[in-house]
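To start, the structure itself, in structure tokens.
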Amino acid sequence: MTRPIIIDDEADARETLQIALGHYCPSIEFTAICASPEEGILTIKDLCTEVVFPDIQMPHMSGFQLLEQLGEIDFEVVFTTAFDQYAIKPGLCIRA
């Protein structure tokens with residue numbers, strides 16, 4: 001069972017991602033859905049999760065800054081965004 005945390009300031013984006021993940025990944029049980037990066041940081045520190053879906057661009061703090069605030073990352077991260085400039089371009093390979 002995967003228990004993700006969604007962090008996005010846009011209610012429609014949170015709902016759309018939750019619906020899509022629930023449809024395509026039925027084994028998901030949502031740990032938390034957060035409306036701000038500050039709420040997300042507190043939630044990540046309080047709850048155990050395997051994966052976090054932070055929005056890249058949020059008021060007061062980006063998804064990258066959110067991760068910097070946490071220090072050690074012991075979960076997978078999948079960035080979400082509605083902005084084309086942050087999307088992965090075809091043919092681009094990113095390795096961790």
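Every chain in the structure tokens has a letter given in the order shown (A, B, ...), and although residue numbers restart at 1 in each chain, ligands are simply numbered from 1 in the order shown.
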
_Selection: 9 Å around range 7-17 of chain A, only C-alpha atoms, excl. self and same-chain fewer than 4 positions, as an NGL selection string_ = :A and (21-22 or 32-37 or 39-40 or 52-59 or 63 or 80-82)

May I have the residues from that selection written out with N, CA, C and O atoms, as an mmCIF file, in the first residue's frame?
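part.cif written:
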```cif
data_model
loop_
_atom_site.group_PDB
_atom_site.id
_atom_site.type_symbol
_atom_site.label_atom_id
_atom_site.label_comp_id
_atom_site.auth_asym_id
_atom_site.auth_seq_id
_atom_site.Cartn_x
_atom_site.Cartn_y
_atom_site.Cartn_z
ATOM 1 N N LEU A 21 -4.612 9.614 -9.447
ATOM 2 C CA LEU A 21 -3.853 8.580 -8.737
ATOM 3 C C LEU A 21 -4.771 7.456 -8.261
ATOM 4 O O LEU A 21 -4.423 6.281 -8.347
ATOM 5 N N GLY A 22 -5.945 7.819 -7.754
ATOM 6 C CA GLY A 22 -6.886 6.803 -7.306
ATOM 7 C C GLY A 22 -7.363 5.915 -8.439
ATOM 8 O O GLY A 22 -7.545 4.709 -8.269
ATOM 9 N N ALA A 32 -2.193 12.274 3.357
ATOM 10 C CA ALA A 32 -2.606 13.654 3.615
ATOM 11 C C ALA A 32 -2.643 14.429 2.307
ATOM 12 O O ALA A 32 -1.910 14.121 1.368
ATOM 13 N N ILE A 33 -3.481 15.453 2.293
ATOM 14 C CA ILE A 33 -3.555 16.379 1.173
ATOM 15 C C ILE A 33 -3.454 17.773 1.777
ATOM 16 O O ILE A 33 -4.308 18.175 2.563
ATOM 17 N N CYS A 34 -2.363 18.473 1.436
ATOM 18 C CA CYS A 34 -2.034 19.747 2.080
ATOM 19 C C CYS A 34 -2.206 20.909 1.112
ATOM 20 O O CYS A 34 -1.851 20.808 -0.056
ATOM 21 N N ALA A 35 -2.707 22.046 1.624
ATOM 22 C CA ALA A 35 -2.991 23.212 0.810
ATOM 23 C C ALA A 35 -1.879 24.252 0.808
ATOM 24 O O ALA A 35 -1.980 25.259 0.104
ATOM 25 N N SER A 36 -0.808 24.022 1.561
ATOM 26 C CA SER A 36 0.291 24.990 1.592
ATOM 27 C C SER A 36 1.599 24.257 1.869
ATOM 28 O O SER A 36 1.601 23.169 2.448
ATOM 29 N N PRO A 37 2.723 24.862 1.465
ATOM 30 C CA PRO A 37 4.011 24.234 1.749
ATOM 31 C C PRO A 37 4.271 24.121 3.249
ATOM 32 O O PRO A 37 4.839 23.120 3.714
ATOM 33 N N GLU A 39 2.056 23.691 5.656
ATOM 34 C CA GLU A 39 1.273 22.541 6.118
ATOM 35 C C GLU A 39 1.945 21.234 5.675
ATOM 36 O O GLU A 39 1.992 20.260 6.418
ATOM 37 N N GLY A 40 2.467 21.240 4.458
ATOM 38 C CA GLY A 40 3.150 20.059 3.935
ATOM 39 C C GLY A 40 4.366 19.683 4.759
ATOM 40 O O GLY A 40 4.583 18.502 5.058
ATOM 41 N N VAL A 52 5.956 11.885 -1.923
ATOM 42 C CA VAL A 52 5.368 13.214 -1.769
ATOM 43 C C VAL A 52 5.225 13.828 -3.160
ATOM 44 O O VAL A 52 6.141 13.754 -3.976
ATOM 45 N N PHE A 53 4.059 14.431 -3.412
ATOM 46 C CA PHE A 53 3.770 15.112 -4.664
ATOM 47 C C PHE A 53 3.667 16.616 -4.385
ATOM 48 O O PHE A 53 2.575 17.135 -4.178
ATOM 49 N N PRO A 54 4.800 17.339 -4.368
ATOM 50 C CA PRO A 54 4.718 18.791 -4.147
ATOM 51 C C PRO A 54 4.556 19.538 -5.469
ATOM 52 O O PRO A 54 5.126 19.162 -6.489
ATOM 53 N N ASP A 55 3.761 20.595 -5.443
ATOM 54 C CA ASP A 55 3.681 21.508 -6.575
ATOM 55 C C ASP A 55 5.018 22.257 -6.634
ATOM 56 O O ASP A 55 5.621 22.540 -5.600
ATOM 57 N N ILE A 56 5.482 22.566 -7.822
ATOM 58 C CA ILE A 56 6.747 23.297 -7.937
ATOM 59 C C ILE A 56 6.581 24.749 -7.510
ATOM 60 O O ILE A 56 7.389 25.281 -6.764
ATOM 61 N N GLN A 57 5.511 25.403 -7.963
ATOM 62 C CA GLN A 57 5.351 26.832 -7.708
ATOM 63 C C GLN A 57 4.136 27.065 -6.802
ATOM 64 O O GLN A 57 2.998 26.838 -7.197
ATOM 65 N N MET A 58 4.423 27.517 -5.565
ATOM 66 C CA MET A 58 3.382 27.832 -4.590
ATOM 67 C C MET A 58 3.733 29.169 -3.942
ATOM 68 O O MET A 58 4.890 29.571 -3.944
ATOM 69 N N PRO A 59 2.740 29.852 -3.378
ATOM 70 C CA PRO A 59 3.042 31.107 -2.682
ATOM 71 C C PRO A 59 3.963 30.864 -1.479
ATOM 72 O O PRO A 59 3.852 29.836 -0.820
ATOM 73 N N GLY A 63 8.310 24.163 -4.322
ATOM 74 C CA GLY A 63 8.467 22.762 -3.942
ATOM 75 C C GLY A 63 9.910 22.420 -3.615
ATOM 76 O O GLY A 63 10.188 21.612 -2.727
ATOM 77 N N THR A 80 4.816 18.233 -9.238
ATOM 78 C CA THR A 80 3.662 18.487 -10.088
ATOM 79 C C THR A 80 3.628 19.971 -10.425
ATOM 80 O O THR A 80 4.122 20.798 -9.661
ATOM 81 N N THR A 81 3.069 20.284 -11.589
ATOM 82 C CA THR A 81 2.986 21.688 -11.992
ATOM 83 C C THR A 81 2.003 21.859 -13.128
ATOM 84 O O THR A 81 1.748 20.921 -13.883
ATOM 85 N N ALA A 82 1.458 23.041 -13.244
ATOM 86 C CA ALA A 82 0.604 23.402 -14.374
ATOM 87 C C ALA A 82 1.363 24.294 -15.347
ATOM 88 O O ALA A 82 0.811 24.723 -16.351
#
```

*Write out as a PyMOL selection string all residues of chain A that backbone DSSP assigns to helix (DSSP H, G or I).*
chain A and resi 11-24+37-46+63-70+84-86

Report the residues of range 6-69 of chain A whose backbone DSSP state falls under strand (DSSP E or B), written as a PDB file with all heavy atoms, in the first residue's frame.
```pdb
ATOM      1  N   ILE A   6       0.056  14.799  -0.907  1.00  0.00           N
ATOM      2  CA  ILE A   6      -0.062  15.783  -1.982  1.00  0.00           C
ATOM      3  C   ILE A   6       0.041  17.167  -1.354  1.00  0.00           C
ATOM      4  O   ILE A   6      -0.616  17.442  -0.347  1.00  0.00           O
ATOM      5  CB  ILE A   6      -1.408  15.637  -2.719  1.00  0.00           C
ATOM      6  CG1 ILE A   6      -1.472  14.288  -3.449  1.00  0.00           C
ATOM      7  CG2 ILE A   6      -1.622  16.799  -3.696  1.00  0.00           C
ATOM      8  CD1 ILE A   6      -2.833  13.983  -4.067  1.00  0.00           C
ATOM      9  N   ILE A   7       0.877  18.032  -1.960  1.00  0.00           N
ATOM     10  CA  ILE A   7       1.028  19.409  -1.466  1.00  0.00           C
ATOM     11  C   ILE A   7       0.856  20.352  -2.647  1.00  0.00           C
ATOM     12  O   ILE A   7       1.693  20.382  -3.551  1.00  0.00           O
ATOM     13  CB  ILE A   7       2.408  19.625  -0.812  1.00  0.00           C
ATOM     14  CG1 ILE A   7       2.669  18.576   0.271  1.00  0.00           C
ATOM     15  CG2 ILE A   7       2.509  21.047  -0.255  1.00  0.00           C
ATOM     16  CD1 ILE A   7       4.098  18.524   0.744  1.00  0.00           C
ATOM     17  N   ILE A  28      -3.403   2.934  -3.741  1.00  0.00           N
ATOM     18  CA  ILE A  28      -3.023   4.132  -2.988  1.00  0.00           C
ATOM     19  C   ILE A  28      -4.043   4.420  -1.894  1.00  0.00           C
ATOM     20  O   ILE A  28      -5.250   4.355  -2.104  1.00  0.00           O
ATOM     21  CB  ILE A  28      -2.885   5.343  -3.930  1.00  0.00           C
ATOM     22  CG1 ILE A  28      -1.574   5.249  -4.678  1.00  0.00           C
ATOM     23  CG2 ILE A  28      -2.992   6.654  -3.181  1.00  0.00           C
ATOM     24  CD1 ILE A  28      -1.276   6.411  -5.575  1.00  0.00           C
ATOM     25  N   ALA A  32      -2.193  12.274   3.357  1.00  0.00           N
ATOM     26  CA  ALA A  32      -2.606  13.654   3.615  1.00  0.00           C
ATOM     27  C   ALA A  32      -2.643  14.429   2.307  1.00  0.00           C
ATOM     28  O   ALA A  32      -1.910  14.121   1.368  1.00  0.00           O
ATOM     29  CB  ALA A  32      -1.653  14.326   4.585  1.00  0.00           C
ATOM     30  N   ILE A  33      -3.481  15.453   2.293  1.00  0.00           N
ATOM     31  CA  ILE A  33      -3.555  16.379   1.173  1.00  0.00           C
ATOM     32  C   ILE A  33      -3.454  17.773   1.777  1.00  0.00           C
ATOM     33  O   ILE A  33      -4.308  18.175   2.563  1.00  0.00           O
ATOM     34  CB  ILE A  33      -4.847  16.192   0.372  1.00  0.00           C
ATOM     35  CG1 ILE A  33      -4.883  14.759  -0.178  1.00  0.00           C
ATOM     36  CG2 ILE A  33      -4.936  17.222  -0.742  1.00  0.00           C
ATOM     37  CD1 ILE A  33      -6.146  14.384  -0.867  1.00  0.00           C
ATOM     38  N   CYS A  34      -2.363  18.473   1.436  1.00  0.00           N
ATOM     39  CA  CYS A  34      -2.034  19.747   2.080  1.00  0.00           C
ATOM     40  C   CYS A  34      -2.206  20.909   1.112  1.00  0.00           C
ATOM     41  O   CYS A  34      -1.851  20.808  -0.056  1.00  0.00           O
ATOM     42  CB  CYS A  34      -0.591  19.716   2.571  1.00  0.00           C
ATOM     43  SG  CYS A  34      -0.241  18.327   3.673  1.00  0.00           S
ATOM     44  N   VAL A  51       5.989   8.560  -0.627  1.00  0.00           N
ATOM     45  CA  VAL A  51       6.094   9.474  -1.763  1.00  0.00           C
ATOM     46  C   VAL A  51       5.358  10.775  -1.457  1.00  0.00           C
ATOM     47  O   VAL A  51       4.303  10.774  -0.832  1.00  0.00           O
ATOM     48  CB  VAL A  51       5.563   8.819  -3.070  1.00  0.00           C
ATOM     49  CG1 VAL A  51       4.101   8.462  -2.959  1.00  0.00           C
ATOM     50  CG2 VAL A  51       5.822   9.689  -4.290  1.00  0.00           C
ATOM     51  N   VAL A  52       5.956  11.885  -1.923  1.00  0.00           N
ATOM     52  CA  VAL A  52       5.368  13.214  -1.769  1.00  0.00           C
ATOM     53  C   VAL A  52       5.225  13.828  -3.160  1.00  0.00           C
ATOM     54  O   VAL A  52       6.141  13.754  -3.976  1.00  0.00           O
ATOM     55  CB  VAL A  52       6.242  14.113  -0.862  1.00  0.00           C
ATOM     56  CG1 VAL A  52       5.719  15.537  -0.839  1.00  0.00           C
ATOM     57  CG2 VAL A  52       6.310  13.538   0.537  1.00  0.00           C
ATOM     58  N   PHE A  53       4.059  14.431  -3.412  1.00  0.00           N
ATOM     59  CA  PHE A  53       3.770  15.112  -4.664  1.00  0.00           C
ATOM     60  C   PHE A  53       3.667  16.616  -4.385  1.00  0.00           C
ATOM     61  O   PHE A  53       2.575  17.135  -4.178  1.00  0.00           O
ATOM     62  CB  PHE A  53       2.437  14.623  -5.251  1.00  0.00           C
ATOM     63  CG  PHE A  53       2.466  13.218  -5.776  1.00  0.00           C
ATOM     64  CD1 PHE A  53       2.221  12.150  -4.933  1.00  0.00           C
ATOM     65  CD2 PHE A  53       2.708  12.966  -7.111  1.00  0.00           C
ATOM     66  CE1 PHE A  53       2.227  10.857  -5.403  1.00  0.00           C
ATOM     67  CE2 PHE A  53       2.724  11.669  -7.606  1.00  0.00           C
ATOM     68  CZ  PHE A  53       2.483  10.613  -6.744  1.00  0.00           C
ATOM     69  N   PRO A  54       4.800  17.339  -4.368  1.00  0.00           N
ATOM     70  CA  PRO A  54       4.718  18.791  -4.147  1.00  0.00           C
ATOM     71  C   PRO A  54       4.556  19.538  -5.469  1.00  0.00           C
ATOM     72  O   PRO A  54       5.126  19.162  -6.489  1.00  0.00           O
ATOM     73  CB  PRO A  54       6.071  19.125  -3.514  1.00  0.00           C
ATOM     74  CG  PRO A  54       6.997  18.114  -4.119  1.00  0.00           C
ATOM     75  CD  PRO A  54       6.177  16.869  -4.339  1.00  0.00           C
ATOM     76  N   ASP A  55       3.761  20.595  -5.443  1.00  0.00           N
ATOM     77  CA  ASP A  55       3.681  21.508  -6.575  1.00  0.00           C
ATOM     78  C   ASP A  55       5.018  22.257  -6.634  1.00  0.00           C
ATOM     79  O   ASP A  55       5.621  22.540  -5.600  1.00  0.00           O
ATOM     80  CB  ASP A  55       2.528  22.483  -6.355  1.00  0.00           C
ATOM     81  CG  ASP A  55       2.267  23.396  -7.540  1.00  0.00           C
ATOM     82  OD1 ASP A  55       2.842  23.179  -8.624  1.00  0.00           O
ATOM     83  OD2 ASP A  55       1.476  24.335  -7.366  1.00  0.00           O
TER      84      ASP A  55
END
```

_From A:Phe83, A:Arg3, A:Glu50, A:Ile19, residue lying nearest Thr31 in chain A [only C-alpha atoms]_ =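 Of A:Phe83, A:Arg3, A:Glu50, A:Ile19, the one nearest Thr31 in chain A, counting only C-alpha atoms, is A:Arg3.
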
*What separation in Å, quoted to one decimal, exists between CA of Asp46 in chain A and CA of Tyr24 in chain A?*
27.1 Å

_Using Å and a single decimal, report how far CA of Leu47 in chain A sits from CA of Ile5 in chain A._
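Those two atoms sit 9.2 Å apart.
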
*Quick one: distance from CA of Ile41 in chain A to CA of Cys25 in chain A in Å, one decimal?*
24.5 Å

*Considering only C-alpha atoms, state which residue in the set A:Glu76, A:Asp84, A:Glu38, A:Glu68 is at the smallest distance from Pro4 in chain A.*
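Residue with the minimum atom-to-atom distance to Pro4 in chain A: A:Glu76.
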